[in-house]
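Colleague: So that you have it, the file is query39.pdb, and it contains PDB, C-alpha atoms, pLDDT in the B column:
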```pdb
ATOM      1  CA  MET A 496       0.000   0.000   0.000  1.00 68.00           C
ATOM      2  CA  LYS A 497       1.335   3.419  -0.928  1.00 73.00           C
ATOM      3  CA  VAL A 498       0.248   6.491   1.002  1.00 70.00           C
ATOM      4  CA  GLU A 499       0.461   9.841  -0.715  1.00 74.00           C
ATOM      5  CA  ILE A 500       1.386  12.887   1.331  1.00 76.00           C
ATOM      6  CA  THR A 501      -0.472  15.955   0.063  1.00 78.00           C
ATOM      7  CA  LYS A 502       0.373  18.437   2.842  1.00 83.00           C
ATOM      8  CA  ALA A 503       3.673  19.246   4.483  1.00 83.00           C
ATOM      9  CA  PRO A 504       3.819  17.212   7.714  1.00 90.00           C
ATOM     10  CA  VAL A 505       3.809  18.926  11.092  1.00 93.00           C
ATOM     11  CA  ALA A 506       4.675  17.339  14.424  1.00 95.00           C
ATOM     12  CA  GLN A 507       2.541  18.636  17.271  1.00 98.00           C
ATOM     13  CA  THR A 508       2.108  17.946  20.957  1.00 98.00           C
ATOM     14  CA  GLU A 509       0.443  19.920  23.707  1.00 99.00           C
ATOM     15  CA  MET A 510      -0.137  19.839  27.440  1.00 99.00           C
ATOM     16  CA  LEU A 511      -1.603  21.770  30.343  1.00 99.00           C
ATOM     17  CA  ILE A 512       0.978  22.893  32.899  1.00 99.00           C
ATOM     18  CA  ARG A 513      -0.421  23.922  36.262  1.00 99.00           C
ATOM     19  CA  LYS A 514       1.781  26.979  36.660  1.00 99.00           C
ATOM     20  CA  PRO A 515       1.447  30.634  35.538  1.00 99.00           C
ATOM     21  CA  VAL A 516       2.395  31.444  31.957  1.00 99.00           C
ATOM     22  CA  ALA A 517       5.423  33.564  32.942  1.00 99.00           C
ATOM     23  CA  GLU A 518       6.961  30.613  34.789  1.00 99.00           C
ATOM     24  CA  VAL A 519       6.233  28.115  32.000  1.00 99.00           C
ATOM     25  CA  PHE A 520       7.470  30.454  29.262  1.00 99.00           C
ATOM     26  CA  GLY A 521      10.570  31.262  31.307  1.00 99.00           C
ATOM     27  CA  ALA A 522      11.384  27.564  31.653  1.00 99.00           C
ATOM     28  CA  PHE A 523      12.114  27.428  27.903  1.00 98.00           C
ATOM     29  CA  ILE A 524      13.959  30.776  27.784  1.00 98.00           C
ATOM     30  CA  ASP A 525      16.293  30.186  30.739  1.00 98.00           C
ATOM     31  CA  PRO A 526      18.673  27.233  30.284  1.00 98.00           C
ATOM     32  CA  ARG A 527      19.168  26.976  34.055  1.00 97.00           C
ATOM     33  CA  VAL A 528      15.595  25.680  34.128  1.00 98.00           C
ATOM     34  CA  THR A 529      15.468  23.929  30.745  1.00 98.00           C
ATOM     35  CA  THR A 530      18.447  21.741  31.657  1.00 97.00           C
ATOM     36  CA  SER A 531      16.320  20.282  34.449  1.00 97.00           C
ATOM     37  CA  PHE A 532      13.941  18.602  32.002  1.00 97.00           C
ATOM     38  CA  TRP A 533      15.286  18.618  28.411  1.00 96.00           C
ATOM     39  CA  PHE A 534      18.876  19.239  27.252  1.00 97.00           C
ATOM     40  CA  THR A 535      21.890  19.125  29.568  1.00 97.00           C
ATOM     41  CA  GLN A 536      23.797  22.247  28.543  1.00 97.00           C
ATOM     42  CA  SER A 537      23.221  25.516  26.672  1.00 98.00           C
ATOM     43  CA  SER A 538      25.417  28.379  25.571  1.00 98.00           C
ATOM     44  CA  GLY A 539      22.851  30.952  26.711  1.00 98.00           C
ATOM     45  CA  ARG A 540      19.314  32.254  27.125  1.00 98.00           C
ATOM     46  CA  LEU A 541      16.979  32.485  24.159  1.00 98.00           C
ATOM     47  CA  GLU A 542      16.883  35.992  22.684  1.00 98.00           C
ATOM     48  CA  THR A 543      15.452  37.015  19.313  1.00 98.00           C
ATOM     49  CA  GLY A 544      18.140  37.060  16.622  1.00 98.00           C
ATOM     50  CA  HIS A 545      20.703  35.193  18.710  1.00 98.00           C
ATOM     51  CA  GLU A 546      22.128  31.756  18.114  1.00 98.00           C
ATOM     52  CA  VAL A 547      22.728  29.308  20.946  1.00 98.00           C
ATOM     53  CA  ARG A 548      23.954  25.754  21.188  1.00 98.00           C
ATOM     54  CA  TRP A 549      22.068  23.023  23.023  1.00 98.00           C
ATOM     55  CA  ASP A 550      23.818  19.820  24.131  1.00 97.00           C
ATOM     56  CA  TRP A 551      22.490  16.441  25.169  1.00 96.00           C
ATOM     57  CA  GLU A 552      25.725  15.264  26.778  1.00 95.00           C
ATOM     58  CA  MET A 553      24.431  11.774  27.509  1.00 96.00           C
ATOM     59  CA  TYR A 554      24.207  11.142  23.748  1.00 96.00           C
ATOM     60  CA  GLY A 555      27.144  13.285  22.608  1.00 94.00           C
ATOM     61  CA  ALA A 556      24.631  15.290  20.559  1.00 94.00           C
ATOM     62  CA  SER A 557      24.219  19.018  20.047  1.00 96.00           C
ATOM     63  CA  THR A 558      22.396  21.442  17.795  1.00 96.00           C
ATOM     64  CA  SER A 559      22.683  25.049  16.767  1.00 97.00           C
ATOM     65  CA  VAL A 560      19.511  27.027  17.536  1.00 98.00           C
ATOM     66  CA  LEU A 561      18.661  30.325  15.821  1.00 98.00           C
ATOM     67  CA  VAL A 562      15.982  32.261  17.694  1.00 99.00           C
ATOM     68  CA  LYS A 563      13.662  33.725  15.061  1.00 99.00           C
ATOM     69  CA  ASP A 564      11.008  35.323  17.259  1.00 99.00           C
ATOM     70  CA  ILE A 565       9.975  35.689  20.879  1.00 99.00           C
ATOM     71  CA  GLU A 566       6.716  37.183  22.135  1.00 99.00           C
ATOM     72  CA  PRO A 567       7.043  37.170  25.934  1.00 99.00           C
ATOM     73  CA  ASP A 568       4.645  34.746  27.617  1.00 99.00           C
ATOM     74  CA  LYS A 569       3.042  33.911  24.240  1.00 99.00           C
ATOM     75  CA  ARG A 570       5.368  32.433  21.628  1.00 99.00           C
ATOM     76  CA  ILE A 571       8.905  31.238  20.813  1.00 99.00           C
ATOM     77  CA  VAL A 572      10.063  30.381  17.270  1.00 99.00           C
ATOM     78  CA  ILE A 573      13.441  28.797  16.512  1.00 99.00           C
ATOM     79  CA  GLU A 574      15.208  27.131  13.626  1.00 98.00           C
ATOM     80  CA  TRP A 575      17.441  24.170  14.407  1.00 96.00           C
ATOM     81  CA  ASP A 576      19.052  21.152  12.816  1.00 91.00           C
ATOM     82  CA  GLY A 577      16.207  18.667  12.450  1.00 79.00           C
ATOM     83  CA  TYR A 578      16.446  15.127  11.128  1.00 78.00           C
ATOM     84  CA  SER A 579      16.717  16.263   7.482  1.00 82.00           C
ATOM     85  CA  GLY A 580      18.206  19.746   7.818  1.00 86.00           C
ATOM     86  CA  ARG A 581      16.953  23.006   9.300  1.00 94.00           C
ATOM     87  CA  THR A 582      13.400  22.897  10.652  1.00 96.00           C
ATOM     88  CA  THR A 583      11.187  25.359  12.498  1.00 98.00           C
ATOM     89  CA  VAL A 584       9.946  24.756  16.032  1.00 98.00           C
ATOM     90  CA  GLU A 585       7.237  26.930  17.554  1.00 99.00           C
ATOM     91  CA  TRP A 586       5.989  27.037  21.133  1.00 99.00           C
ATOM     92  CA  LYS A 587       2.657  28.727  21.864  1.00 99.00           C
ATOM     93  CA  PHE A 588       1.726  29.540  25.448  1.00 99.00           C
ATOM     94  CA  SER A 589      -1.874  30.265  26.441  1.00 99.00           C
ATOM     95  CA  ALA A 590      -2.565  31.666  29.890  1.00 99.00           C
ATOM     96  CA  ARG A 591      -5.790  30.283  31.320  1.00 99.00           C
ATOM     97  CA  GLU A 592      -8.151  31.981  33.766  1.00 98.00           C
ATOM     98  CA  ASP A 593      -7.331  29.471  36.510  1.00 99.00           C
ATOM     99  CA  GLY A 594      -3.628  30.446  36.473  1.00 99.00           C
ATOM    100  CA  THR A 595      -2.492  27.438  34.440  1.00 99.00           C
ATOM    101  CA  THR A 596      -0.802  27.440  31.030  1.00 99.00           C
ATOM    102  CA  TYR A 597      -1.560  25.459  27.892  1.00 99.00           C
ATOM    103  CA  VAL A 598       1.542  24.802  25.768  1.00 99.00           C
ATOM    104  CA  VAL A 599       1.488  23.720  22.114  1.00 99.00           C
ATOM    105  CA  ILE A 600       4.750  22.753  20.369  1.00 99.00           C
ATOM    106  CA  THR A 601       4.975  22.236  16.600  1.00 98.00           C
ATOM    107  CA  GLU A 602       7.883  21.348  14.324  1.00 97.00           C
ATOM    108  CA  SER A 603       7.800  21.643  10.531  1.00 96.00           C
ATOM    109  CA  GLY A 604      10.008  22.018   7.476  1.00 94.00           C
ATOM    110  CA  TRP A 605      11.408  18.529   6.896  1.00 90.00           C
ATOM    111  CA  THR A 606      12.426  17.209   3.502  1.00 86.00           C
ATOM    112  CA  GLY A 607      12.347  13.599   2.374  1.00 84.00           C
ATOM    113  CA  ASP A 608      10.069  10.911   1.031  1.00 83.00           C
ATOM    114  CA  GLY A 609       6.889   9.645   2.680  1.00 80.00           C
ATOM    115  CA  ASP A 610       8.555   7.011   4.863  1.00 84.00           C
ATOM    116  CA  GLU A 611      11.258   9.429   6.040  1.00 86.00           C
ATOM    117  CA  LEU A 612       8.734  12.177   6.747  1.00 88.00           C
ATOM    118  CA  PHE A 613       6.533   9.812   8.727  1.00 88.00           C
ATOM    119  CA  LYS A 614       9.544   8.793  10.841  1.00 90.00           C
ATOM    120  CA  TYR A 615      10.605  12.432  11.427  1.00 91.00           C
ATOM    121  CA  VAL A 616       7.116  13.483  12.539  1.00 92.00           C
ATOM    122  CA  ALA A 617       6.735  10.464  14.838  1.00 94.00           C
ATOM    123  CA  GLU A 618      10.157  10.956  16.476  1.00 94.00           C
ATOM    124  CA  SER A 619       9.684  14.704  16.872  1.00 94.00           C
ATOM    125  CA  THR A 620       6.222  14.300  18.374  1.00 96.00           C
ATOM    126  CA  GLN A 621       7.575  11.697  20.793  1.00 96.00           C
ATOM    127  CA  GLY A 622      10.549  13.849  21.782  1.00 95.00           C
ATOM    128  CA  PHE A 623       8.513  16.970  22.432  1.00 97.00           C
ATOM    129  CA  THR A 624       5.940  14.922  24.352  1.00 98.00           C
ATOM    130  CA  TRP A 625       8.743  13.694  26.655  1.00 97.00           C
ATOM    131  CA  THR A 626       9.908  17.309  26.963  1.00 98.00           C
ATOM    132  CA  LEU A 627       6.478  18.589  28.004  1.00 99.00           C
ATOM    133  CA  ALA A 628       5.979  15.706  30.439  1.00 98.00           C
ATOM    134  CA  GLY A 629       9.383  16.436  31.980  1.00 98.00           C
ATOM    135  CA  LEU A 630       8.550  20.140  32.202  1.00 99.00           C
ATOM    136  CA  LYS A 631       5.234  19.348  33.900  1.00 99.00           C
ATOM    137  CA  ALA A 632       6.843  17.097  36.512  1.00 99.00           C
ATOM    138  CA  PHE A 633       9.625  19.589  37.195  1.00 99.00           C
ATOM    139  CA  LEU A 634       7.523  22.754  37.466  1.00 99.00           C
ATOM    140  CA  GLU A 635       4.517  21.235  39.217  1.00 99.00           C
ATOM    141  CA  HIS A 636       6.290  18.815  41.570  1.00 99.00           C
ATOM    142  CA  GLY A 637      10.017  19.651  41.542  1.00 98.00           C
ATOM    143  CA  ILE A 638      10.866  16.211  40.130  1.00 97.00           C
ATOM    144  CA  ARG A 639      13.530  15.563  37.483  1.00 97.00           C
ATOM    145  CA  LEU A 640      12.204  12.554  35.574  1.00 96.00           C
ATOM    146  CA  ASN A 641      15.187  12.316  33.163  1.00 96.00           C
ATOM    147  CA  LEU A 642      12.766  11.278  30.397  1.00 96.00           C
ATOM    148  CA  VAL A 643      15.006  12.370  27.525  1.00 94.00           C
ATOM    149  CA  ALA A 644      18.005  10.517  28.959  1.00 94.00           C
ATOM    150  CA  ASP A 645      16.022   7.421  29.906  1.00 94.00           C
ATOM    151  CA  LYS A 646      14.432   7.068  26.470  1.00 93.00           C
ATOM    152  CA  ASN A 647      17.575   5.426  25.088  1.00 93.00           C
ATOM    153  CA  PRO A 648      19.950   4.430  27.934  1.00 94.00           C
ATOM    154  CA  ASP A 649      22.000   2.083  25.743  1.00 95.00           C
ATOM    155  CA  ALA A 650      23.089   5.059  23.631  1.00 94.00           C
ATOM    156  CA  HIS A 651      24.604   7.009  26.549  1.00 95.00           C
ATOM    157  CA  LYS A 652      28.242   7.999  26.402  1.00 94.00           C
ATOM    158  CA  ALA A 653      30.394   5.913  28.731  1.00 92.00           C
ATOM    159  CA  GLY A 654      30.451   7.314  32.246  1.00 89.00           C
ATOM    160  CA  TRP A 655      27.595   9.797  31.814  1.00 90.00           C
ATOM    161  CA  GLN A 656      25.372  10.197  34.881  1.00 89.00           C
ATOM    162  CA  PRO A 657      22.261  12.374  35.285  1.00 86.00           C
ATOM    163  CA  ALA A 658      22.560  15.512  37.399  1.00 77.00           C
TER     164      ALA A 658
END
```
What does the file become when written as structure tokens?
Modeller:
Amino acid sequence: MKVEITKAPVAQTEMLIRKPVAEVFGAFIDPRVTTSFWFTQSSGRLETGHEVRWDWEMYGASTSVLVKDIEPDKRIVIEWDGYSGRTTVEWKFSAREDGTTYVVITESGWTGDGDELFKYVAESTQGFTWTLAGLKAFLEHGIRLNLVADKNPDAHKAGWQPA
């Protein structure tokens, strides 16, 4: 069976975080917080027009991140090295009346054939779902779940230990 792709694929995941929007938004801007639930090291805070580097030391992986746009407490847009080249990732933050925040993350811009695109969307959706779950546990309960690291423990660099 052959499936035809007629629209550019987009990975998307979303979750309610029971914290105010400023705190949730800030968790993605400030690497001192982000390293508690996603990557292990960053060269700096996210600022529009700046480039930073994010490292996942457990895997010996890193990426260059160009910050395209930031609307405080509402939106972050970056370009980074996706599975098939540069892709765009967008975070949207919606403050809710009860003081919670709804976060939607999308990634788009891959190139490849149908099978490759399906794989990229599935892996991206999974990765950002782990990221949001880790964020939720950290901000709401102060727990570091190490979801990104524990997803593939056999791929860790020798001697790496979680913080």
Colleague: Find the residues around segment 606-621 of chain A up to 6 Å (all atoms listed in the file counted), leave out those fewer than 3 positions away in its own chain, and share them as number ranges by chain.
Modeller: A: 506-507, 579, 624
Colleague: Just to be explicit: take each residue in the selection above, keep C-alpha atoms, and write the result as a short mmCIF file (atom, residue, chain, number, x, y, z; two decimals), in the coordinates of the input.
Modeller:
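Written out: part_35.cif:
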```
data_model
loop_
_atom_site.label_atom_id
_atom_site.label_comp_id
_atom_site.auth_asym_id
_atom_site.auth_seq_id
_atom_site.Cartn_x
_atom_site.Cartn_y
_atom_site.Cartn_z
CA ALA A 506 4.68 17.34 14.42
CA GLN A 507 2.54 18.64 17.27
CA SER A 579 16.72 16.26 7.48
CA THR A 624 5.94 14.92 24.35
#
```
Colleague: Using the chain letters and residue numbers of this document, give as a ChimeraX atom specification the residues selected by the PyMOL selection byres ((chain A and resi 642) around 10).
Modeller: /A:532-533,622,624-630,639-641,643-647
Colleague: In Å to one decimal, how far is atom CA of Gly555 of chain A from atom CA of Asp525 of chain A?
Modeller: 21.7 Å
Colleague: What does the PyMOL selection byres ((chain A and resi 551) around 12) select in this file, as a PyMOL selection string?
Modeller: chain A and resi 529-537+548-550+552-558+641+643-644+650-652+655-657
Colleague: What is the distance between atom CA of Phe520 of chain A and atom CA of Trp575 of chain A, in Å to one decimal?
Modeller: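 Separation of atom CA of Phe520 of chain A and atom CA of Trp575 of chain A: 19.0 Å.
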Colleague: Set the distance at 10 Å and use only C-alpha atoms: which residues neighbour Leu511 of chain A once local chain neighbours fewer than 5 positions away are removed? I'd like the list as a list in words.
Modeller: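 Near Leu511 of chain A, the qualifying residues are Phe588, Ser589, Ala590, Arg591, Thr595, Thr596, Tyr597, Val598, Val599, Leu627, Ala628 and Lys631 of chain A.
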Colleague: Pick from A:Glu542, A:Ile524, A:Gly604, A:Leu561: nearest to Trp586 of chain A, with all atoms listed in the file counted?
Modeller: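 Selected residue with least distance to Trp586 of chain A: A:Ile524.
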Colleague: What does the structure give for the distance between atom CA of Ser603 of chain A and atom CA of Glu574 of chain A, in Å to one decimal?
Modeller: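 Going from atom CA of Ser603 of chain A over to atom CA of Glu574 of chain A covers 9.7 Å.
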